[in-house]
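Take a look at the structure below.
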Amino acid sequence: MQIALLCGGAVIINVFISAWTLFALIPALLFYMTLQSVYLRNARELQHIEATSAGRAISFAVETLGGAGAVRAARLQHNMREAFHTRLDRNHNALLLLNSANRWLSLSLDLVGAASVFVSLAVALYSGKNGALTGLAGTYSLLLPVYLAHLAKCRADLDLHLASVQRLLHNTNIPQEDYRDDCPIPAGWQRNGKIEFEDVSVQHQPNRPPVLKNINLTIKPGQKVAICGRSGSGKSTLLLTCAGATKICGGRVLLDGRDVTKVPLRALRHRVVVLPQEAILFSGTLRENLDPLGMHTDEEIWESLKAVGLYDYISAQPAGLECGVCGWRGSWGGGRGARVCGARAALHARLAAALLLDEPGAALEAAAERCLLHAIAAVAPNTTVLTVAHRVSSVRDYDTAAVLQDGCLSERGRVNDLLATPASALARLHAAEHRLIHLY
């Protein structure tokens, strides 16, 4: 507002000294509005691209530093360095274009200002004004392009900040999922852990192809089932569908004979335990991370820690279960953090009908991942377990394997039987895994 008032004051002073300057100022202002429109249309996009590319470069650097040990173990330092340089180059390209747009606007406005100064001085001298008024007109004519350039820059920054506010408003207006509290809890609903997929299709967006297509699968109570497949085949979506976290566009999912879309969401999620791929630790004490609702005894908590191999480490801490946890920072990052999340899942699996594990040992070595999966399942031996396998070798002792391909259930059978068949999809995945291990 202040810059706009200064621009208006400069125009008024020039008009007051000589009304003939309107014949120069009006075309100059029209030309400026055209320049500003062209500049804002491109600067807005360039600022968005620059901010997005900078965020991607910073996120990549942070994630690479977090997994520096794995990068060095796989000898991927050169690849990661080149990938970071690529992201940095994209950010610098956007920044260079944005700076070039600013220089172009400044040069164009300087030319407009020079023309305005020439016209103002010529009119003032021709009309016989004294030297003081002529100097005043020339001074404000010189300041006018500076004010206009700053005004255009402020307008571009305002548009960028308003776009951020618009995104925040959009996120705050996202509809909350329906908890279905008005649905009655079925009387006599048991916790056996039988899961049935009946011609289930899941579609994340109306204009996109389904992620899961006509899945028919029955999992008996207490079975240990490995969900395998390549990236993007729908494995994680299959697990989330059991927890009521997706919208089913066709078919239905039954948990112990009840449609998961027709029971209260809180009741459903008290019957399943989900350990997501990107497990999270909360700032607070270890006890609060493992048992946030205070439903379990110390003996049960220590037993779950013993199951995942953290008993000795936690018992050596002076505060024990009350030791502080600061997210993924410090000593709680990487494999130890994954074990804490595994202990949390094992603790709550005792009261659950199904345990849904989405690559919980991705941050661990192969042997440690097998031990973690076995320990979590052993704590609740009668609980149904569905595991998205990061490594096929980690789920060889499971009862059944279900292989997904492009959202479809391509094959199902006993793990050892499928691995013994070279033509099976599971055997091909296992062979590809071995080739990758030998490559590095």
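Labeling convention for the structure tokens: chains A, B, ... as they appear, residues from 1 per chain, ligands from 1 in order of appearance.
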
With 12 Å as the cut-off and only C-alpha atoms counted, what is the closest atom pair between each nearby residue of range 110-180 of chain A and range 96-106 of chain A? Distances in Å to one decimal, ordered by chain and number, as JSON lines.
```
{"residue": "A:Asp110", "atom": "CA", "partner": "A:Ser106", "partner_atom": "CA", "distance": 6.0}
{"residue": "A:Leu111", "atom": "CA", "partner": "A:Ser106", "partner_atom": "CA", "distance": 8.7}
{"residue": "A:Val112", "atom": "CA", "partner": "A:Ser106", "partner_atom": "CA", "distance": 9.8}
{"residue": "A:Gly113", "atom": "CA", "partner": "A:Ser106", "partner_atom": "CA", "distance": 10.1}
{"residue": "A:Leu144", "atom": "CA", "partner": "A:Ser106", "partner_atom": "CA", "distance": 11.8}
{"residue": "A:Pro145", "atom": "CA", "partner": "A:Ser106", "partner_atom": "CA", "distance": 8.0}
{"residue": "A:Val146", "atom": "CA", "partner": "A:Ser106", "partner_atom": "CA", "distance": 8.1}
{"residue": "A:Tyr147", "atom": "CA", "partner": "A:Ser106", "partner_atom": "CA", "distance": 10.6}
{"residue": "A:Leu148", "atom": "CA", "partner": "A:Ser106", "partner_atom": "CA", "distance": 9.2}
{"residue": "A:Ala149", "atom": "CA", "partner": "A:Ser106", "partner_atom": "CA", "distance": 6.2}
{"residue": "A:His150", "atom": "CA", "partner": "A:Ser106", "partner_atom": "CA", "distance": 9.2}
{"residue": "A:Leu151", "atom": "CA", "partner": "A:Leu105", "partner_atom": "CA", "distance": 11.3}
{"residue": "A:Ala152", "atom": "CA", "partner": "A:Leu105", "partner_atom": "CA", "distance": 8.7}
{"residue": "A:Lys153", "atom": "CA", "partner": "A:Asn102", "partner_atom": "CA", "distance": 8.1}
{"residue": "A:Cys154", "atom": "CA", "partner": "A:Asn102", "partner_atom": "CA", "distance": 11.8}
{"residue": "A:Ala156", "atom": "CA", "partner": "A:Asn102", "partner_atom": "CA", "distance": 10.6}
```

Find the residues around Gly342 in chain A up to 12 Å (only C-alpha atoms counted), leave out those fewer than 4 positions away in its own chain, and share them as a VMD selection string.
chain A and resid 273 to 281 289 to 290 301 304 to 310 335 to 338 346 to 349 355 to 362 364 369 371 to 377 379

From range 234-295 of chain A, collect each residue whose DSSP state is helix (DSSP H, G or I) and return the set as a ChimeraX atom specification.
/A:235-242,260-262,265-269,286-290

Quick one: write out the picked residues with C-alpha atoms as an mmCIF file, in the first residue's frame?
```cif
data_model
loop_
_atom_site.group_PDB
_atom_site.id
_atom_site.type_symbol
_atom_site.label_atom_id
_atom_site.label_comp_id
_atom_site.auth_asym_id
_atom_site.auth_seq_id
_atom_site.Cartn_x
_atom_site.Cartn_y
_atom_site.Cartn_z
ATOM 1 C CA LYS A 235 0.134 -54.457 -1.520
ATOM 2 C CA SER A 236 -0.126 -51.590 0.976
ATOM 3 C CA THR A 237 -3.602 -50.697 -0.286
ATOM 4 C CA LEU A 238 -4.714 -54.257 0.434
ATOM 5 C CA LEU A 239 -3.634 -53.911 4.071
ATOM 6 C CA LEU A 240 -5.191 -50.472 4.489
ATOM 7 C CA THR A 241 -8.468 -51.780 3.104
ATOM 8 C CA CYS A 242 -8.655 -54.235 6.007
ATOM 9 C CA VAL A 260 -15.776 -53.431 7.530
ATOM 10 C CA THR A 261 -17.672 -50.526 5.913
ATOM 11 C CA LYS A 262 -20.748 -51.079 8.097
ATOM 12 C CA LEU A 265 -14.483 -47.201 12.539
ATOM 13 C CA ARG A 266 -13.120 -47.032 16.093
ATOM 14 C CA ALA A 267 -14.422 -50.523 16.841
ATOM 15 C CA LEU A 268 -12.845 -51.833 13.642
ATOM 16 C CA ARG A 269 -9.450 -50.323 14.389
ATOM 17 C CA LEU A 286 9.085 -44.777 25.752
ATOM 18 C CA ARG A 287 6.060 -45.945 27.733
ATOM 19 C CA GLU A 288 3.884 -43.316 26.007
ATOM 20 C CA ASN A 289 5.113 -44.527 22.630
ATOM 21 C CA LEU A 290 4.414 -48.179 23.385
#
```

Which parts of range 93-274 of chain A does DSSP call strand (DSSP E) when run on the backbone here, written out as a PyMOL selection string?
chain A and resi 195-202+212-219+224-229+248-255+258-259+272-274

Find the residues near Thr400 in chain A: any atom within 6 Å, counting only C-alpha atoms, skip ones fewer than 4 places away on the same chain, and give them as a PyMOL selection string.
chain A and resi 225+413-415

Using only C-alpha atoms, can you tell me which of A:Ile248, A:Gly294, A:Leu217, A:Ala354 comes closest to His204 in chain A?
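Among the listed residues, the smallest separation from His204 in chain A belongs to A:Ile248.
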
May I ask which of the residues A:Ala243, A:Ala74, A:Ala28, A:Ile13 is the closest one to Thr139 in chain A, counting only C-alpha atoms?
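Of the candidates, the smallest distance to Thr139 in chain A is held by A:Ile13.
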
Taking only C-alpha atoms into account, name the residue in A:Leu386, A:Leu212, A:Ile26, A:Ala380 that is nearest to Ala352 in chain A.
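Closest residue, counting only C-alpha atoms: A:Ala380.
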
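Straight-line separation from CA of Thr383 in chain A to CA of Ala353 in chain A: 5.7 Å.
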
Close residues, Arg155 in chain A itself excluded, 12 Å, only C-alpha atoms, min 3 positions apart in chain, as an MDAnalysis selection string
chainID A and resid 1 3:4 36:37 39:41 43:44 148:152 158:162

Residue with smallest distance to Leu136 in chain A - pool A:Arg412, A:Phe16, A:Cys323, A:Ala187, counting only C-alpha atoms:
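Nearest to Leu136 in chain A: A:Phe16.
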
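Taking CA of Val165 in chain A and CA of Gln2 in chain A as endpoints, the distance between them is 22.7 Å.
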
12 Å contact set for range 79-90 of chain A, only C-alpha atoms, chain neighbours under 2 positions out, as a PyMOL selection string:
chain A and resi 46+49-65+67-68+70-72+74-77+92-97

With C-alpha atoms kept, could you save the residues just selected as an mmCIF file, in the first residue's frame?
```cif
data_model
loop_
_atom_site.group_PDB
_atom_site.id
_atom_site.type_symbol
_atom_site.label_atom_id
_atom_site.label_comp_id
_atom_site.auth_asym_id
_atom_site.auth_seq_id
_atom_site.Cartn_x
_atom_site.Cartn_y
_atom_site.Cartn_z
ATOM 1 C CA LEU A 46 8.867 -19.662 -11.422
ATOM 2 C CA ILE A 49 8.944 -24.186 -9.247
ATOM 3 C CA GLU A 50 11.903 -22.757 -7.327
ATOM 4 C CA ALA A 51 10.297 -23.417 -3.941
ATOM 5 C CA THR A 52 9.241 -26.940 -4.937
ATOM 6 C CA SER A 53 12.640 -27.869 -6.380
ATOM 7 C CA ALA A 54 14.413 -26.455 -3.309
ATOM 8 C CA GLY A 55 12.199 -28.542 -1.034
ATOM 9 C CA ARG A 56 12.926 -31.669 -3.043
ATOM 10 C CA ALA A 57 16.674 -31.064 -2.935
ATOM 11 C CA ILE A 58 16.631 -30.461 0.825
ATOM 12 C CA SER A 59 14.413 -33.501 1.472
ATOM 13 C CA PHE A 60 16.684 -35.672 -0.655
ATOM 14 C CA ALA A 61 19.752 -34.474 1.260
ATOM 15 C CA VAL A 62 18.114 -35.113 4.643
ATOM 16 C CA GLU A 63 16.904 -38.581 3.635
ATOM 17 C CA THR A 64 20.306 -39.475 2.184
ATOM 18 C CA LEU A 65 22.078 -38.409 5.373
ATOM 19 C CA GLY A 67 20.444 -43.549 5.331
ATOM 20 C CA ALA A 68 24.137 -42.806 4.826
ATOM 21 C CA ALA A 70 22.981 -48.069 3.710
ATOM 22 C CA VAL A 71 24.263 -45.880 0.863
ATOM 23 C CA ARG A 72 27.879 -46.642 1.739
ATOM 24 C CA ALA A 74 25.585 -50.521 -1.270
ATOM 25 C CA ARG A 75 28.369 -48.352 -2.758
ATOM 26 C CA LEU A 76 25.864 -45.897 -4.155
ATOM 27 C CA GLN A 77 27.693 -42.716 -3.155
ATOM 28 C CA HIS A 92 19.333 -23.349 -9.819
ATOM 29 C CA ASN A 93 17.722 -23.298 -13.264
ATOM 30 C CA ALA A 94 14.452 -22.080 -11.774
ATOM 31 C CA LEU A 95 16.296 -19.524 -9.621
ATOM 32 C CA LEU A 96 18.259 -18.273 -12.649
ATOM 33 C CA LEU A 97 15.078 -17.844 -14.676
#
```

Non-local contacts of Asp259 in chain A (12 Å; only C-alpha atoms; under 3 positions in same chain excluded) as a PDB file with C-alpha atoms, in the first residue's frame:
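Result file around_37.pdb:
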```pdb
ATOM      1  CA  CYS A 183     -23.565 -47.780  13.165  1.00  0.00           C
ATOM      2  CA  ILE A 185     -21.492 -52.635  17.064  1.00  0.00           C
ATOM      3  CA  PRO A 186     -22.575 -56.148  16.069  1.00  0.00           C
ATOM      4  CA  TRP A 189     -18.716 -60.035  17.097  1.00  0.00           C
ATOM      5  CA  LYS A 194     -11.013 -64.401   9.595  1.00  0.00           C
ATOM      6  CA  ILE A 195     -10.674 -61.971   6.666  1.00  0.00           C
ATOM      7  CA  GLU A 196     -12.585 -62.336   3.401  1.00  0.00           C
ATOM      8  CA  PHE A 197     -12.146 -60.275   0.257  1.00  0.00           C
ATOM      9  CA  GLU A 198     -15.155 -60.692  -2.019  1.00  0.00           C
ATOM     10  CA  VAL A 200     -12.959 -56.122  -3.926  1.00  0.00           C
ATOM     11  CA  THR A 241      -8.468 -51.780   3.104  1.00  0.00           C
ATOM     12  CA  CYS A 242      -8.655 -54.235   6.007  1.00  0.00           C
ATOM     13  CA  ALA A 243      -8.347 -51.284   8.414  1.00  0.00           C
ATOM     14  CA  GLY A 244     -11.036 -49.232   6.677  1.00  0.00           C
ATOM     15  CA  ILE A 248     -14.035 -49.585  -1.641  1.00  0.00           C
ATOM     16  CA  GLY A 251     -17.189 -55.766  -3.508  1.00  0.00           C
ATOM     17  CA  ARG A 252     -16.729 -55.979   0.246  1.00  0.00           C
ATOM     18  CA  VAL A 253     -14.253 -56.975   2.956  1.00  0.00           C
ATOM     19  CA  LEU A 254     -15.460 -59.094   5.864  1.00  0.00           C
ATOM     20  CA  LEU A 255     -13.708 -59.286   9.237  1.00  0.00           C
ATOM     21  CA  ASP A 256     -15.095 -62.214  11.200  1.00  0.00           C
ATOM     22  CA  LYS A 262     -20.748 -51.079   8.097  1.00  0.00           C
ATOM     23  CA  VAL A 263     -19.230 -51.099  11.572  1.00  0.00           C
ATOM     24  CA  PRO A 264     -17.969 -48.158  13.662  1.00  0.00           C
ATOM     25  CA  LEU A 265     -14.483 -47.201  12.539  1.00  0.00           C
ATOM     26  CA  LEU A 268     -12.845 -51.833  13.642  1.00  0.00           C
TER      27      LEU A 268
END
```

Using only C-alpha atoms, which of the listed residues (A:Asn192, A:Leu168, A:Asp312, A:Val340) sits closest to Pro221 in chain A?
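Answer, going by the shortest atom-to-atom distance: A:Asn192.
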